[in-house]
$ cat data.cif   # mmCIF, C-alpha atoms
data_work
loop_
_atom_site.label_atom_id
_atom_site.label_comp_id
_atom_site.auth_asym_id
_atom_site.auth_seq_id
_atom_site.Cartn_x
_atom_site.Cartn_y
_atom_site.Cartn_z
CA MET K 1 -14.49 -5.42 -111.00
CA PRO K 2 -15.90 -7.44 -108.11
CA THR K 3 -14.76 -11.02 -107.66
CA LYS K 4 -16.95 -13.41 -109.62
CA LYS K 5 -19.40 -15.12 -107.30
CA LYS K 6 -22.01 -17.73 -108.10
CA SER K 7 -25.51 -17.42 -106.64
CA PHE K 8 -26.86 -20.48 -104.88
CA GLY K 9 -30.19 -19.01 -103.73
CA ALA K 10 -31.68 -19.24 -100.26
CA LYS K 11 -29.46 -21.85 -98.62
CA PRO K 12 -28.77 -22.29 -94.88
CA TRP K 13 -25.05 -21.91 -95.40
CA VAL K 14 -22.87 -20.15 -92.87
CA TYR K 15 -19.46 -21.33 -91.68
CA PRO K 16 -18.68 -22.84 -89.27
CA GLN K 17 -21.69 -24.28 -87.49
CA PRO K 18 -21.73 -25.98 -84.12
CA VAL K 19 -22.69 -29.56 -83.31
CA PHE K 20 -25.12 -29.18 -80.45
CA LEU K 21 -26.33 -32.30 -78.68
CA VAL K 22 -29.66 -31.29 -77.16
CA GLY K 23 -30.50 -33.22 -73.98
CA THR K 24 -34.03 -33.54 -72.60
CA TYR K 25 -36.24 -35.78 -70.48
CA ASP K 26 -39.34 -36.93 -72.33
CA ALA K 27 -42.84 -37.15 -70.82
CA GLU K 28 -41.97 -40.46 -69.17
CA GLY K 29 -38.69 -39.15 -67.80
CA LYS K 30 -36.51 -41.05 -70.25
CA PRO K 31 -33.37 -39.11 -71.24
CA ASN K 32 -33.11 -38.28 -74.93
CA VAL K 33 -30.62 -36.44 -77.10
CA MET K 34 -30.67 -35.06 -80.64
CA THR K 35 -28.11 -33.36 -82.86
CA ALA K 36 -28.66 -29.76 -84.01
CA ALA K 37 -26.48 -27.42 -86.04
CA TRP K 38 -28.96 -24.56 -86.25
CA GLY K 39 -28.07 -22.44 -83.23
CA GLY K 40 -25.58 -20.25 -81.42
CA ILE K 41 -25.21 -17.59 -78.77
CA VAL K 42 -27.85 -14.85 -79.02
CA SER K 43 -27.07 -12.54 -76.07
CA SER K 44 -24.28 -11.90 -73.57
CA ASP K 45 -26.45 -10.74 -70.66
CA PRO K 46 -28.50 -12.60 -69.74
CA ALA K 47 -26.27 -15.17 -71.43
CA SER K 48 -28.56 -16.93 -73.87
CA LEU K 49 -28.40 -19.27 -76.83
CA SER K 50 -30.74 -20.49 -79.51
CA VAL K 51 -31.27 -23.93 -80.94
CA SER K 52 -33.86 -24.67 -83.60
CA VAL K 53 -35.95 -27.83 -83.49
CA ARG K 54 -38.69 -29.07 -85.82
CA PRO K 55 -42.06 -29.55 -84.09
CA ALA K 56 -42.19 -33.19 -85.23
CA ARG K 57 -39.10 -34.04 -83.17
CA TRP K 58 -39.39 -35.96 -79.90
CA THR K 59 -37.17 -33.28 -78.40
CA TYR K 60 -39.68 -30.54 -79.22
CA ASP K 61 -42.40 -31.75 -76.85
CA ALA K 62 -39.84 -32.51 -74.19
CA ILE K 63 -38.48 -28.96 -74.22
CA MET K 64 -41.96 -27.45 -74.28
CA LYS K 65 -43.15 -29.51 -71.31
CA ARG K 66 -40.19 -29.12 -69.00
CA LYS K 67 -39.00 -25.70 -70.20
CA ALA K 68 -35.48 -27.00 -69.96
CA PHE K 69 -32.72 -28.50 -72.08
CA THR K 70 -28.99 -28.92 -72.14
CA ILE K 71 -26.47 -28.43 -74.92
CA SER K 72 -23.57 -30.85 -74.73
CA ILE K 73 -20.63 -29.94 -76.96
CA PRO K 74 -18.89 -33.06 -78.25
CA ASP K 75 -15.25 -33.27 -79.12
CA ALA K 76 -14.01 -34.81 -82.34
CA SER K 77 -13.61 -38.26 -80.75
CA LYS K 78 -17.40 -38.46 -80.42
CA MET K 79 -18.19 -37.70 -84.07
CA LYS K 80 -19.88 -41.03 -84.80
CA GLU K 81 -22.04 -40.96 -81.68
CA SER K 82 -22.97 -37.33 -82.39
CA ASP K 83 -23.98 -38.16 -85.94
CA TYR K 84 -26.00 -41.19 -84.85
CA VAL K 85 -28.17 -39.34 -82.34
CA GLY K 86 -29.24 -37.07 -85.21
CA MET K 87 -30.37 -40.01 -87.34
CA VAL K 88 -33.08 -41.74 -85.33
CA SER K 89 -35.92 -40.63 -83.06
CA GLY K 90 -36.17 -40.88 -79.30
CA ARG K 91 -39.77 -41.90 -79.90
CA ARG K 92 -38.52 -45.34 -80.95
CA PHE K 93 -34.96 -45.63 -79.69
CA ASP K 94 -33.07 -45.19 -76.45
CA LYS K 95 -30.32 -43.14 -78.06
CA PHE K 96 -28.28 -42.72 -74.91
CA SER K 97 -28.05 -46.45 -74.44
CA LEU K 98 -27.42 -47.26 -78.11
CA SER K 99 -24.74 -44.61 -78.57
CA GLY K 100 -22.98 -45.36 -75.30
CA PHE K 101 -23.47 -41.80 -74.09
CA THR K 102 -24.10 -41.51 -70.34
CA PRO K 103 -26.90 -39.20 -69.16
CA VAL K 104 -26.24 -37.09 -66.08
CA LYS K 105 -29.03 -35.09 -64.45
CA ALA K 106 -28.20 -31.39 -64.85
CA GLU K 107 -27.71 -29.42 -61.68
CA LYS K 108 -29.72 -26.29 -62.49
CA VAL K 109 -32.37 -27.49 -64.96
CA ASP K 110 -34.67 -30.46 -65.49
CA ALA K 111 -32.75 -32.12 -68.30
CA PRO K 112 -29.83 -34.53 -68.74
CA TYR K 113 -26.43 -33.72 -70.18
CA ILE K 114 -23.89 -36.07 -71.76
CA ASP K 115 -21.14 -37.07 -69.38
CA GLU K 116 -18.71 -37.79 -72.24
CA CYS K 117 -18.89 -34.22 -73.60
CA PRO K 118 -16.17 -31.88 -72.29
CA VAL K 119 -18.40 -28.78 -72.25
CA VAL K 120 -22.07 -28.76 -71.29
CA VAL K 121 -24.52 -25.88 -71.06
CA GLU K 122 -27.65 -25.98 -68.89
CA CYS K 123 -30.56 -23.91 -70.21
CA THR K 124 -34.02 -22.78 -69.17
CA LEU K 125 -36.43 -22.17 -72.05
CA THR K 126 -37.39 -18.50 -72.10
CA GLN K 127 -39.05 -18.17 -75.52
CA SER K 128 -39.96 -20.32 -78.49
CA ILE K 129 -40.41 -18.62 -81.83
CA GLU K 130 -41.88 -20.32 -84.90
CA LEU K 131 -39.76 -19.66 -87.97
CA GLY K 132 -41.14 -21.79 -90.77
CA VAL K 133 -40.22 -25.45 -90.51
CA HIS K 134 -38.15 -24.89 -87.36
CA THR K 135 -39.05 -23.47 -84.00
CA MET K 136 -36.24 -21.51 -82.40
CA MET K 137 -35.85 -22.26 -78.72
CA ILE K 138 -34.21 -19.48 -76.74
CA GLY K 139 -32.46 -20.76 -73.64
CA ALA K 140 -31.17 -18.70 -70.75
CA ILE K 141 -27.79 -20.21 -69.88
CA GLU K 142 -27.90 -21.20 -66.22
CA ASP K 143 -24.47 -22.81 -66.07
CA VAL K 144 -21.58 -23.96 -68.24
CA LYS K 145 -19.69 -26.98 -66.95
CA VAL K 146 -16.26 -27.96 -68.25
CA ASP K 147 -14.34 -31.20 -67.68
CA GLU K 148 -11.64 -30.64 -65.12
CA ALA K 149 -9.25 -32.56 -67.37
CA ILE K 150 -9.23 -29.73 -69.93
CA LEU K 151 -8.72 -26.87 -67.48
CA ASP K 152 -5.36 -25.17 -67.20
CA ALA K 153 -3.18 -25.09 -64.09
CA THR K 154 -5.11 -22.13 -62.66
CA GLY K 155 -8.49 -23.83 -63.12
CA ASN K 156 -9.44 -21.74 -66.13
CA PHE K 157 -10.76 -22.93 -69.44
CA ALA K 158 -8.64 -21.12 -71.94
CA ASP K 159 -7.41 -23.50 -74.56
CA PRO K 160 -9.82 -24.93 -77.14
CA GLU K 161 -6.90 -27.00 -78.46
CA LYS K 162 -7.20 -29.18 -75.37
CA PHE K 163 -10.74 -29.88 -76.39
CA SER K 164 -11.15 -30.21 -80.19
CA PRO K 165 -14.82 -29.27 -80.42
CA LEU K 166 -16.72 -30.83 -83.29
CA ALA K 167 -17.78 -28.36 -85.98
CA TYR K 168 -20.17 -28.74 -88.89
CA ALA K 169 -20.11 -27.38 -92.42
CA SER K 170 -23.47 -27.29 -94.16
CA GLY K 171 -23.39 -27.48 -97.93
CA SER K 172 -20.72 -30.18 -97.76
CA SER K 173 -22.40 -31.82 -94.70
CA THR K 174 -19.01 -32.53 -93.21
CA TYR K 175 -17.61 -32.65 -89.70
CA HIS K 176 -14.44 -30.86 -88.72
CA THR K 177 -12.69 -29.64 -85.63
CA LEU K 178 -10.89 -26.37 -85.04
CA SER K 179 -7.33 -25.70 -86.12
CA GLU K 180 -4.67 -24.48 -83.73
CA VAL K 181 -5.02 -20.89 -82.57
CA LEU K 182 -4.42 -18.45 -85.45
CA GLY K 183 -4.66 -15.31 -83.34
CA LYS K 184 -6.27 -13.53 -80.45
CA ALA K 185 -9.47 -11.52 -80.84
CA PHE K 186 -9.53 -7.80 -79.99
CA SER K 187 -5.78 -7.93 -80.58
CA VAL K 188 -4.65 -9.02 -84.06
CA GLY K 189 -6.75 -6.27 -85.64
CA LYS K 190 -4.88 -3.52 -83.81
CA VAL K 191 -2.48 -3.24 -86.73
CA PHE K 192 -5.18 -1.27 -88.55
CA LEU K 193 -5.63 1.17 -85.67
CA ARG K 194 -2.29 2.77 -86.50
CA LYS K 195 -3.40 3.93 -89.90
CA MET X 196 -19.38 -41.63 -61.10
CA PRO X 197 -19.81 -38.78 -63.59
CA THR X 198 -16.73 -37.06 -64.96
CA LYS X 199 -15.68 -34.17 -62.73
CA LYS X 200 -16.77 -30.90 -64.26
CA LYS X 201 -16.21 -27.37 -63.00
CA SER X 202 -19.08 -24.85 -63.06
CA PHE X 203 -18.37 -21.50 -64.67
CA GLY X 204 -21.84 -19.98 -64.30
CA ALA X 205 -23.82 -18.22 -67.01
CA LYS X 206 -21.19 -17.75 -69.73
CA PRO X 207 -21.81 -17.32 -73.47
CA TRP X 208 -19.64 -20.33 -74.29
CA VAL X 209 -20.47 -22.67 -77.10
CA TYR X 210 -17.98 -24.10 -79.61
CA PRO X 211 -17.32 -23.23 -82.34
CA GLN X 212 -18.76 -19.83 -83.14
CA PRO X 213 -18.77 -18.09 -86.50
CA VAL X 214 -17.10 -14.83 -87.46
CA PHE X 215 -19.89 -12.92 -89.18
CA LEU X 216 -19.05 -9.64 -90.87
CA VAL X 217 -22.33 -7.74 -90.90
CA GLY X 218 -22.60 -5.32 -93.82
CA THR X 219 -25.01 -2.37 -93.88
CA TYR X 220 -25.52 1.07 -95.40
CA ASP X 221 -25.93 3.76 -92.78
CA ALA X 222 -28.44 6.64 -92.95
CA GLU X 223 -26.16 8.55 -95.31
CA GLY X 224 -25.58 5.55 -97.54
CA LYS X 225 -22.03 4.91 -96.34
CA PRO X 226 -21.15 1.20 -96.26
CA ASN X 227 -20.27 -0.14 -92.82
CA VAL X 228 -19.28 -3.51 -91.42
CA MET X 229 -19.02 -4.99 -87.93
CA THR X 230 -17.88 -8.32 -86.54
CA ALA X 231 -20.34 -10.58 -84.71
CA ALA X 232 -19.96 -14.05 -83.26
CA TRP X 233 -23.43 -14.29 -81.72
CA GLY X 234 -25.46 -15.90 -84.48
CA GLY X 235 -26.16 -18.88 -86.69
CA ILE X 236 -28.77 -20.55 -88.84
CA VAL X 237 -32.22 -20.60 -87.24
CA SER X 238 -34.44 -22.27 -89.85
CA SER X 239 -34.11 -24.30 -93.06
CA ASP X 240 -37.27 -23.08 -94.78
CA PRO X 241 -37.54 -20.19 -95.18
CA ALA X 242 -33.76 -20.31 -94.84
CA SER X 243 -33.02 -17.85 -92.05
CA LEU X 244 -30.21 -16.84 -89.76
CA SER X 245 -29.81 -14.76 -86.65
CA VAL X 246 -27.17 -12.24 -85.68
CA SER X 247 -27.26 -10.32 -82.42
CA VAL X 248 -26.33 -6.63 -82.28
CA ARG X 249 -26.27 -4.21 -79.35
CA PRO X 250 -28.62 -1.22 -79.80
CA ALA X 251 -25.70 1.19 -79.28
CA ARG X 252 -23.96 -0.09 -82.42
CA TRP X 253 -23.95 1.94 -85.61
CA THR X 254 -25.04 -1.24 -87.39
CA TYR X 255 -28.21 -1.48 -85.29
CA ASP X 256 -29.85 1.66 -86.69
CA ALA X 257 -28.71 0.80 -90.19
CA ILE X 258 -30.40 -2.62 -90.08
CA MET X 259 -33.55 -1.19 -88.54
CA LYS X 260 -33.86 1.53 -91.17
CA ARG X 261 -33.15 -0.47 -94.30
CA LYS X 262 -34.45 -3.84 -93.08
CA ALA X 263 -31.48 -5.40 -94.77
CA PHE X 264 -27.98 -6.68 -94.04
CA THR X 265 -25.40 -9.04 -95.39
CA ILE X 266 -23.22 -11.61 -93.65
CA SER X 267 -19.81 -11.98 -95.26
CA ILE X 268 -17.86 -15.03 -94.11
CA PRO X 269 -14.13 -14.31 -94.04
CA ASP X 270 -11.47 -16.89 -94.56
CA ALA X 271 -8.46 -17.21 -92.29
CA SER X 272 -6.34 -14.89 -94.45
CA LYS X 273 -8.64 -12.01 -93.44
CA MET X 274 -8.31 -12.54 -89.66
CA LYS X 275 -6.74 -9.16 -88.92
CA GLU X 276 -9.23 -7.20 -91.01
CA SER X 277 -12.10 -9.15 -89.44
CA ASP X 278 -10.85 -8.42 -85.95
CA TYR X 279 -10.32 -4.74 -86.70
CA VAL X 280 -13.85 -4.07 -87.93
CA GLY X 281 -15.10 -5.32 -84.54
CA MET X 282 -12.93 -2.83 -82.64
CA VAL X 283 -14.07 0.57 -83.80
CA SER X 284 -17.38 2.20 -84.69
CA GLY X 285 -18.73 3.12 -88.10
CA ARG X 286 -19.96 6.30 -86.44
CA ARG X 287 -16.39 7.60 -86.46
CA PHE X 288 -14.47 5.47 -88.94
CA ASP X 289 -14.80 4.35 -92.52
CA LYS X 290 -14.00 0.75 -91.70
CA PHE X 291 -14.18 -0.49 -95.28
CA SER X 292 -11.57 1.97 -96.37
CA LEU X 293 -9.31 1.52 -93.34
CA SER X 294 -9.38 -2.29 -93.47
CA GLY X 295 -8.96 -2.49 -97.20
CA PHE X 296 -12.21 -4.41 -97.61
CA THR X 297 -14.14 -3.58 -100.77
CA PRO X 298 -17.91 -2.99 -100.50
CA VAL X 299 -20.10 -4.43 -103.23
CA LYS X 300 -23.80 -3.57 -103.42
CA ALA X 301 -25.76 -6.74 -102.77
CA GLU X 302 -28.00 -7.95 -105.56
CA LYS X 303 -31.14 -8.81 -103.60
CA VAL X 304 -31.03 -6.49 -100.57
CA ASP X 305 -30.13 -2.88 -99.73
CA ALA X 306 -26.78 -3.58 -98.07
CA PRO X 307 -23.15 -4.05 -99.10
CA TYR X 308 -21.14 -7.25 -98.86
CA ILE X 309 -17.36 -7.68 -98.70
CA ASP X 310 -15.83 -8.58 -102.03
CA GLU X 311 -12.83 -10.26 -100.37
CA CYS X 312 -14.99 -12.80 -98.49
CA PRO X 313 -15.45 -16.12 -100.31
CA VAL X 314 -19.02 -16.66 -99.06
CA VAL X 315 -21.61 -13.92 -98.62
CA VAL X 316 -25.22 -14.14 -97.50
CA GLU X 317 -27.83 -11.50 -98.39
CA CYS X 318 -30.59 -11.08 -95.81
CA THR X 319 -33.87 -9.24 -95.35
CA LEU X 320 -34.72 -8.40 -91.76
CA THR X 321 -37.89 -10.25 -90.78
CA GLN X 322 -37.91 -9.83 -86.98
CA SER X 323 -35.88 -8.18 -84.26
CA ILE X 324 -36.17 -9.55 -80.74
CA GLU X 325 -34.77 -7.83 -77.67
CA LEU X 326 -32.83 -10.27 -75.51
CA GLY X 327 -31.15 -8.28 -72.77
CA VAL X 328 -28.08 -6.37 -73.92
CA HIS X 329 -28.36 -7.72 -77.45
CA THR X 330 -31.13 -7.54 -80.00
CA MET X 331 -31.39 -10.61 -82.18
CA MET X 332 -31.94 -9.80 -85.83
CA ILE X 333 -33.62 -12.56 -87.80
CA GLY X 334 -32.76 -12.43 -91.47
CA ALA X 335 -34.46 -14.30 -94.28
CA ILE X 336 -31.66 -15.51 -96.53
CA GLU X 337 -32.34 -14.18 -100.02
CA ASP X 338 -29.15 -15.48 -101.62
CA VAL X 339 -25.81 -17.08 -100.84
CA LYS X 340 -22.97 -16.16 -103.17
CA VAL X 341 -19.74 -18.10 -103.35
CA ASP X 342 -16.48 -17.16 -105.08
CA GLU X 343 -16.17 -19.06 -108.32
CA ALA X 344 -12.55 -19.81 -107.40
CA ILE X 345 -13.61 -22.17 -104.61
CA LEU X 346 -16.21 -24.09 -106.59
CA ASP X 347 -15.46 -27.59 -107.79
CA ALA X 348 -15.33 -28.70 -111.42
CA THR X 349 -19.11 -29.15 -111.55
CA GLY X 350 -19.79 -25.66 -110.17
CA ASN X 351 -20.77 -26.92 -106.73
CA PHE X 352 -19.52 -25.66 -103.41
CA ALA X 353 -18.60 -28.83 -101.64
CA ASP X 354 -15.24 -28.46 -100.00
CA PRO X 355 -14.78 -26.14 -97.02
CA GLU X 356 -11.08 -27.02 -97.15
CA LYS X 357 -10.81 -24.82 -100.23
CA PHE X 358 -12.12 -21.98 -98.15
CA SER X 359 -10.74 -22.07 -94.54
CA PRO X 360 -13.58 -20.15 -92.87
CA LEU X 361 -12.59 -18.19 -89.82
CA ALA X 362 -14.01 -19.56 -86.57
CA TYR X 363 -14.16 -18.06 -83.09
CA ALA X 364 -13.84 -19.59 -79.64
CA SER X 365 -15.32 -17.54 -76.83
CA GLY X 366 -13.78 -18.03 -73.43
CA SER X 367 -10.31 -18.06 -74.96
CA SER X 368 -11.26 -15.28 -77.44
CA THR X 369 -9.22 -16.97 -80.15
CA TYR X 370 -9.55 -17.32 -83.89
CA HIS X 371 -9.24 -20.64 -85.64
CA THR X 372 -10.15 -22.22 -88.91
CA LEU X 373 -11.58 -25.65 -89.59
CA SER X 374 -9.51 -28.80 -89.76
CA GLU X 375 -9.62 -31.16 -92.71
CA VAL X 376 -12.79 -33.20 -93.08
CA LEU X 377 -13.14 -35.73 -90.27
CA GLY X 378 -16.25 -37.41 -91.62
CA LYS X 379 -19.54 -37.04 -93.44
CA ALA X 380 -22.76 -36.20 -91.60
CA PHE X 381 -25.72 -38.59 -91.80
CA SER X 382 -23.16 -41.25 -92.60
CA VAL X 383 -20.45 -41.84 -89.98
CA GLY X 384 -23.11 -42.49 -87.33
CA LYS X 385 -24.58 -45.43 -89.25
CA VAL X 386 -22.26 -47.78 -87.40
CA PHE X 387 -24.65 -47.52 -84.43
CA LEU X 388 -27.68 -48.41 -86.54
CA ARG X 389 -26.49 -52.01 -86.75
CA LYS X 390 -26.83 -52.60 -83.03
#

$ encode --input "data.cif" --output "structure tokens"
Amino acid sequence: MPTKKKSFGAKPWVYPQPVFLVGTYDAEGKPNVMTAAWGGIVSSDPASLSVSVRPARWTYDAIMKRKAFTISIPDASKMKESDYVGMVSGRRFDKFSLSGFTPVKAEKVDAPYIDECPVVVECTLTQSIELGVHTMMIGAIEDVKVDEAILDATGNFADPEKFSPLAYASGSSTYHTLSEVLGKAFSVGKVFLRK
Amino acid sequence: MPTKKKSFGAKPWVYPQPVFLVGTYDAEGKPNVMTAAWGGIVSSDPASLSVSVRPARWTYDAIMKRKAFTISIPDASKMKESDYVGMVSGRRFDKFSLSGFTPVKAEKVDAPYIDECPVVVECTLTQSIELGVHTMMIGAIEDVKVDEAILDATGNFADPEKFSPLAYASGSSTYHTLSEVLGKAFSVGKVFLRK
């Protein structure tokens, strides 16, 4: 007999979800940032990601006009700031200033990233696809920048425990970070290869 | 002066990523499953998700033919099984049998889910979009099913700590789970509203 499972219907529940801070310049050149959990990597080559934005958002027009955005990945210490920038609109508020986040002009694209985030991703908009209430923005990843403070001795970025990325759980609407390493991918599963 | 950051180029690095176990029936009706970390929610209404699959994968043809797939979300106790089903092809191996996972015919779509996963999502393929080496499959979420054992006393699913979803970190290629709850979304950021 299968395990008893309860149906919840068509819910946007997958686990875990990221906390993407989407950075843009608006029409007047003011830096803005919004929080998004609907997104992820969509291709390895060209390295690309998606983030979904409602057309009513201030960020939507900004991405469409400049064909550029950044994704700053906050660590757990920036949970409150990250939550705040998802609560109010850049139409009315200077969210960088109010949150204390510092905008830095990206190197490869026409958008700002958040200095206080340990990992930032610079993206060029390649497609936008309407999917009901959200529009999915596909971004070609032009560069990933990582704080030197979280690199290892050889200059590599290999230890997410040095970083504590913020994670989101829909359903419960809660923030988390990642546990210590449980195992290595393409490795721990080898035990089944022997069968 | 901005924080010193090192450029790593166009890498598929965002944090965290999910561990999606993509369930399908192949042309002969055999259940198959593969691991995917490239994906996430893409719209709230209709609730939809994306998962990216290379055309060479056995799963690719199966999704295209039946226009259906499931996403089973493993918990940390199924790390080895989840890693294994990403290592070999359903063309040659019966991965359900070899991993010990049990296929259950989904209720709403023509695909199997994994009984041992606490959360499963049943999807109908609505679009497939070629994005370089990967094709992004967009799935309309028809149902989310959750093990009754991880529901709370009122029948709700509100505590991801009861569940320990597996998470992935690219770059380090490591598996993790989520920490305890750090805070509540749309709430902890209110401290900045007072300014």

$ resolve_selection --input "data.cif" --expression "the PyMOL selection byres ((chain K) within 6 of (chain X))" --output "VMD selection string"
chain K and resid 4 to 12 16 18 38 to 47 52 80 to 81 83 to 84 132 to 134 141 to 148 158 172 to 179 181 to 185 188 to 189

$ atom_distance --input "data.cif" --atom1 "atom CA of Asp305 of chain X" --atom2 "atom CA of Ile129 of chain K"
26.0 Å

$ resolve_selection --input "data.cif" --expression "the PyMOL selection byres ((chain X and resi 262) around 9)" --output "PyMOL selection string"
chain X and resi 257-261+263-264+304-305+318-321+334

$ atom_distance --input "data.cif" --atom1 "atom CA of Asp289 of chain X" --atom2 "atom CA of Lys225 of chain X"
8.2 Å

$ atom_distance --input "data.cif" --atom1 "atom CA of Leu21 of chain K" --atom2 "atom CA of Thr70 of chain K"
7.8 Å

$ resolve_selection --input "data.cif" --expression "the PyMOL selection byres ((chain X and resi 223) around 12)" --output "count of residues only"
15

$ closest_residue --input "data.cif" --among "K:Arg92, K:Asp152, K:Ala106, K:Pro112" --to "Gly23 of chain K" --atoms "only C-alpha atoms"
K:Pro112
